[in-house]
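Structure file coords.cif (mmCIF, C-alpha atoms) follows.
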data_start
loop_
_atom_site.label_atom_id
_atom_site.label_comp_id
_atom_site.auth_asym_id
_atom_site.auth_seq_id
_atom_site.Cartn_x
_atom_site.Cartn_y
_atom_site.Cartn_z
CA MET A 1 88.13 75.85 78.57
CA ILE A 2 85.13 75.41 76.32
CA PHE A 3 85.65 74.38 72.72
CA LEU A 4 83.85 72.74 69.81
CA LYS A 5 84.56 69.15 68.89
CA ASN A 6 82.50 67.50 66.16
CA ASP A 7 80.01 70.38 66.41
CA LYS A 8 79.50 69.79 70.16
CA LEU A 9 80.54 71.97 73.07
CA VAL A 10 83.22 70.28 75.12
CA TYR A 11 84.32 71.51 78.53
CA ASN A 12 87.87 71.08 79.71
CA VAL A 13 86.94 70.39 83.33
CA THR A 14 90.54 70.35 84.57
CA ARG A 15 91.24 73.80 83.16
CA ILE A 16 87.95 75.11 84.56
CA LYS A 17 88.79 73.79 88.04
CA ILE A 18 92.26 75.34 87.91
CA TYR A 19 90.83 78.66 86.71
CA PHE A 20 88.20 78.79 89.46
CA LYS A 21 90.72 77.73 92.10
CA ARG A 22 92.97 80.63 91.05
CA VAL A 23 90.06 83.09 91.07
CA ASP A 24 88.90 81.79 94.47
CA GLU A 25 92.40 82.14 95.94
CA GLU A 26 92.66 85.70 94.62
CA MET A 27 89.27 86.63 96.08
CA ASN A 28 90.23 85.08 99.44
CA THR A 29 93.49 87.07 99.43
CA ASN A 30 91.53 90.23 98.70
CA LYS A 31 89.14 89.49 101.56
CA LEU A 32 92.08 88.98 103.92
CA ILE A 33 93.46 92.38 102.91
CA VAL A 34 90.12 94.03 103.73
CA GLU A 35 89.80 92.08 106.99
CA SER A 36 93.24 93.37 107.96
CA TYR A 37 92.13 96.93 107.10
CA TYR A 38 89.34 96.64 109.67
CA GLU A 39 90.99 94.51 112.35
CA ASN A 40 94.59 95.74 112.31
CA LEU A 41 94.31 99.30 111.07
CA TRP A 42 91.01 100.51 112.54
CA ASN A 43 90.19 98.20 115.44
CA ALA A 44 93.76 97.77 116.70
CA LYS A 45 94.53 101.39 115.70
CA ASP A 46 97.87 100.38 114.18
CA LYS A 47 98.82 103.05 111.63
CA SER A 48 101.71 100.95 110.29
CA TYR A 49 99.05 99.09 108.32
CA ILE A 50 98.48 102.17 106.16
CA ASP A 51 101.80 101.41 104.45
CA THR A 52 101.23 97.66 104.53
CA LEU A 53 97.73 97.66 103.04
CA MET A 54 97.43 100.72 100.83
CA HIS A 55 98.76 101.83 97.49
CA ASP A 56 100.75 105.05 97.56
CA ASP A 57 98.02 106.64 95.42
CA ILE A 58 95.06 105.36 97.48
CA VAL A 59 91.79 107.21 96.90
CA PHE A 60 89.46 107.21 99.92
CA ARG A 61 85.95 108.66 99.76
CA GLY A 62 84.34 108.82 103.17
CA THR A 63 80.76 109.30 104.19
CA LEU A 64 81.63 112.40 106.14
CA ASP A 65 82.22 114.34 102.89
CA VAL A 66 85.93 113.53 102.84
CA THR A 67 88.10 112.61 99.90
CA CYS A 68 91.71 111.64 100.58
CA ARG A 69 94.32 111.06 97.92
CA GLY A 70 97.44 109.29 99.01
CA LYS A 71 98.57 107.74 102.26
CA LYS A 72 99.39 111.02 104.03
CA GLU A 73 95.89 112.44 103.51
CA PHE A 74 94.34 109.14 104.62
CA GLU A 75 96.53 109.13 107.75
CA ALA A 76 95.34 112.67 108.61
CA TYR A 77 91.72 111.50 108.22
CA PHE A 78 92.43 108.41 110.35
CA ASP A 79 93.93 110.59 113.10
CA MET A 80 91.00 113.04 113.00
CA ILE A 81 88.45 110.23 113.34
CA LEU A 82 90.31 108.66 116.28
CA VAL A 83 90.53 111.99 118.11
CA ALA A 84 86.74 112.27 117.84
CA LEU A 85 85.99 108.56 118.44
CA PRO A 86 89.08 107.07 120.15
CA ASP A 87 87.42 103.71 120.83
CA LEU A 88 85.84 103.40 117.37
CA TYR A 89 85.22 99.76 116.46
CA HIS A 90 84.28 98.44 113.02
CA GLY A 91 82.18 95.28 113.27
CA VAL A 92 82.09 93.63 109.86
CA GLU A 93 78.87 91.69 109.35
CA LEU A 94 79.16 90.71 105.70
CA MET A 95 81.86 90.69 103.06
CA LEU A 96 81.38 89.87 99.38
CA SER A 97 84.00 89.69 96.65
CA GLU A 98 83.96 89.82 92.88
CA LYS A 99 87.35 89.70 91.16
CA ASN A 100 89.35 92.60 92.65
CA LYS A 101 86.33 94.27 94.30
CA ILE A 102 85.24 93.73 97.89
CA ALA A 103 82.05 95.02 99.52
CA ALA A 104 81.71 95.05 103.31
CA ARG A 105 78.75 95.88 105.53
CA ALA A 106 79.70 97.04 109.01
CA ILE A 107 78.35 98.48 112.24
CA TYR A 108 80.46 101.24 113.75
CA HIS A 109 80.56 101.77 117.53
CA GLY A 110 82.42 104.38 119.54
CA THR A 111 82.31 107.14 122.13
CA HIS A 112 82.13 110.71 120.86
CA LEU A 113 84.94 112.30 122.91
CA GLY A 114 86.39 114.82 120.45
CA LYS A 115 85.18 117.30 117.88
CA LEU A 116 83.95 115.61 114.72
CA PHE A 117 83.55 118.18 111.95
CA ASP A 118 81.00 120.68 113.35
CA PHE A 119 79.94 118.48 116.28
CA GLU A 120 81.41 119.18 119.69
CA PRO A 121 82.05 116.13 121.93
CA THR A 122 78.88 114.71 123.48
CA GLN A 123 80.49 111.93 125.56
CA ARG A 124 77.77 109.65 124.13
CA ARG A 125 78.14 106.18 122.66
CA ILE A 126 77.34 106.15 118.97
CA THR A 127 76.34 103.28 116.71
CA TYR A 128 75.60 103.47 113.02
CA ASN A 129 75.66 101.24 109.94
CA GLY A 130 77.70 101.54 106.81
CA ALA A 131 79.00 99.81 103.72
CA SER A 132 82.41 100.10 102.13
CA PHE A 133 83.55 99.22 98.65
CA PHE A 134 87.21 98.37 98.04
CA THR A 135 89.32 97.93 94.93
CA ILE A 136 92.44 95.80 95.30
CA LYS A 137 95.37 96.24 92.91
CA ASP A 138 98.66 94.36 93.23
CA ASP A 139 97.62 93.03 96.68
CA LYS A 140 97.04 96.55 98.04
CA ILE A 141 93.95 98.69 98.49
CA SER A 142 93.81 101.29 95.72
CA ASP A 143 90.31 102.69 96.27
CA ILE A 144 87.78 102.81 99.13
CA TRP A 145 84.30 104.30 98.99
CA VAL A 146 82.46 104.38 102.34
CA LEU A 147 78.72 104.99 102.67
CA GLY A 148 77.42 105.37 106.21
CA ASP A 149 74.04 106.13 107.75
CA LEU A 150 74.75 109.78 108.51
CA ASN A 151 71.20 110.50 109.60
CA THR A 152 71.54 108.00 112.47
CA LEU A 153 75.04 109.25 113.32
CA TYR A 154 74.03 112.93 113.40
CA LYS A 155 70.99 112.26 115.59
CA GLN A 156 73.28 110.70 118.20
CA MET A 157 75.65 113.68 118.22
CA LEU A 158 73.04 116.43 118.57
#
Encoded form (structure tokens):
Amino acid sequence: MIFLKNDKLVYNVTRIKIYFKRVDEEMNTNKLIVESYYENLWNAKDKSYIDTLMHDDIVFRGTLDVTCRGKKEFEAYFDMILVALPDLYHGVELMLSEKNKIAARAIYHGTHLGKLFDFEPTQRRITYNGASFFTIKDDKISDIWVLGDLNTLYKQML
């Protein structure tokens, strides 16, 4: 892409454009995978997307002091959350990508209708902010780390 010719740096613009086009396409694909995670898995509550979107050895670290390894553990977590917050909605406000990493900022909304860890149902609407960090490998999510505003969440469930 960049080489020396007669002691001067020369840029191969065509190769640079092709390289950046490929990188951009990969980042867009990765963003689409994460968008599908939110829209199809969580918001549409379609568990078939666990198999579609996630590596068999997915590692999920959730804000609520949860670590899941593998699709079965993640599915159990997913079910537990939807029992507690059956209308949970993830509103993605911002998504950034860098190579195979995606960061997403979201606002979570739902109604607390089931037990969530030590919190009995309050029947209240909850809203809190969070950010998630994804690693994509072979067009599947291999790692998710979620950080949410637990202080705000807990105050609404007391």
Just the residues within 8 Å of Thr63 of chain A, please, counting all atoms listed in the file, with nothing from its chain fewer than 5 positions along; format it as a VMD selection string.
chain A and resid 146 to 148 150
Using all atoms listed in the file, the best pick from A:Asp143, A:Glu35, A:Asp87, A:Asp79 as closest to Lys101 of chain A would be A:Asp143
Sorted by chain and rising residue number, list the residues of segment 63-96 of chain A at most 10 Å from segment 124-138 of chain A (counting all atoms listed in the file), each with its closest atom pair and distance in Å to one decimal, as CSV.
residue,atom,partner,partner_atom,distance
A:Thr63,CA,A:Gly130,CA,8.7
A:Leu85,CA,A:Ile126,CA,9.0
A:Asp87,CA,A:Arg125,CA,9.8
A:Leu88,CA,A:Ile126,CA,9.1
A:Tyr89,CA,A:Thr127,CA,9.6
A:His90,CA,A:Gly130,CA,9.6
A:Gly91,CA,A:Asn129,CA,9.4
A:Val92,CA,A:Ala131,CA,9.2
A:Glu93,CA,A:Ala131,CA,9.9
A:Leu94,CA,A:Ala131,CA,9.3
A:Met95,CA,A:Ser132,CA,9.5
A:Leu96,CA,A:Phe133,CA,9.6
Export C-alpha atoms of the chosen residues as a short mmCIF file (atom, residue, chain, number, x, y, z; two decimals), in the frame of the given file?
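This is the output file again_36.cif:
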data_model
loop_
_atom_site.label_atom_id
_atom_site.label_comp_id
_atom_site.auth_asym_id
_atom_site.auth_seq_id
_atom_site.Cartn_x
_atom_site.Cartn_y
_atom_site.Cartn_z
CA THR A 63 80.76 109.30 104.19
CA LEU A 85 85.99 108.56 118.44
CA ASP A 87 87.42 103.71 120.83
CA LEU A 88 85.84 103.40 117.37
CA TYR A 89 85.22 99.76 116.46
CA HIS A 90 84.28 98.44 113.02
CA GLY A 91 82.18 95.28 113.27
CA VAL A 92 82.09 93.63 109.86
CA GLU A 93 78.87 91.69 109.35
CA LEU A 94 79.16 90.71 105.70
CA MET A 95 81.86 90.69 103.06
CA LEU A 96 81.38 89.87 99.38
#
Using all atoms listed in the file, the best pick from A:Ser97, A:Ser36, A:Thr122, A:Asn151 as closest to Met54 of chain A would be A:Ser36
Can you list, as a PDB file with C-alpha atoms, in the coordinates of the input, every protein, DNA or RNA residue that comes within 7 Å of Phe60 of chain A when you count all atoms listed in the file, leaving out same-chain residues fewer than 3 positions away?
ATOM      1  CA  THR A  67      88.100 112.610  99.900  1.00  0.00           C
ATOM      2  CA  CYS A  68      91.710 111.640 100.580  1.00  0.00           C
ATOM      3  CA  ARG A  69      94.320 111.060  97.920  1.00  0.00           C
ATOM      4  CA  ASP A 143      90.310 102.690  96.270  1.00  0.00           C
ATOM      5  CA  ILE A 144      87.780 102.810  99.130  1.00  0.00           C
ATOM      6  CA  TRP A 145      84.300 104.300  98.990  1.00  0.00           C
TER       7      TRP A 145
END
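Computed from the coordinates, the atom CA of Asp149 of chain A to atom CA of Ile107 of chain A distance equals 9.9 Å.
For the pair atom CA of Ala44 of chain A and atom CA of Phe74 of chain A, the separation is 16.6 Å.
Nearest residue to Ala76 of chain A among A:His112, A:Lys140, A:Arg105, A:Lys47 is A:Lys47, counting only C-alpha atoms.
In this structure, atom CA of Ala106 of chain A sits 16.1 Å away from atom CA of Arg61 of chain A.
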Give me the result of the PyMOL selection byres ((chain A and resi 33) around 8) on this file, residue by residue, as a PyMOL selection string. chain A and resi 29-32+34-37+53+139-141
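Residue nearest Ser142 of chain A within the list A:His109, A:Pro121, A:Ala104, A:Gly70: A:Gly70 [criterion: smallest interatomic distance, all atoms listed in the file].
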Step by step, gather every atom of segment 145-157 of chain A that the file lists, find the box along x, y and z that holds them, add 5 Å on each side, and finally give centre and edge lengths in Å to one decimal, as lines of an AutoDock Vina configuration file.
center_x = 77.6
center_y = 109.0
center_z = 108.6
size_x = 23.3
size_y = 19.4
size_z = 29.2
Residues picked by the PyMOL selection byres ((chain A and resi 83) around 9) here, as a ChimeraX atom specification?
/A:78-82,84-86,112-116
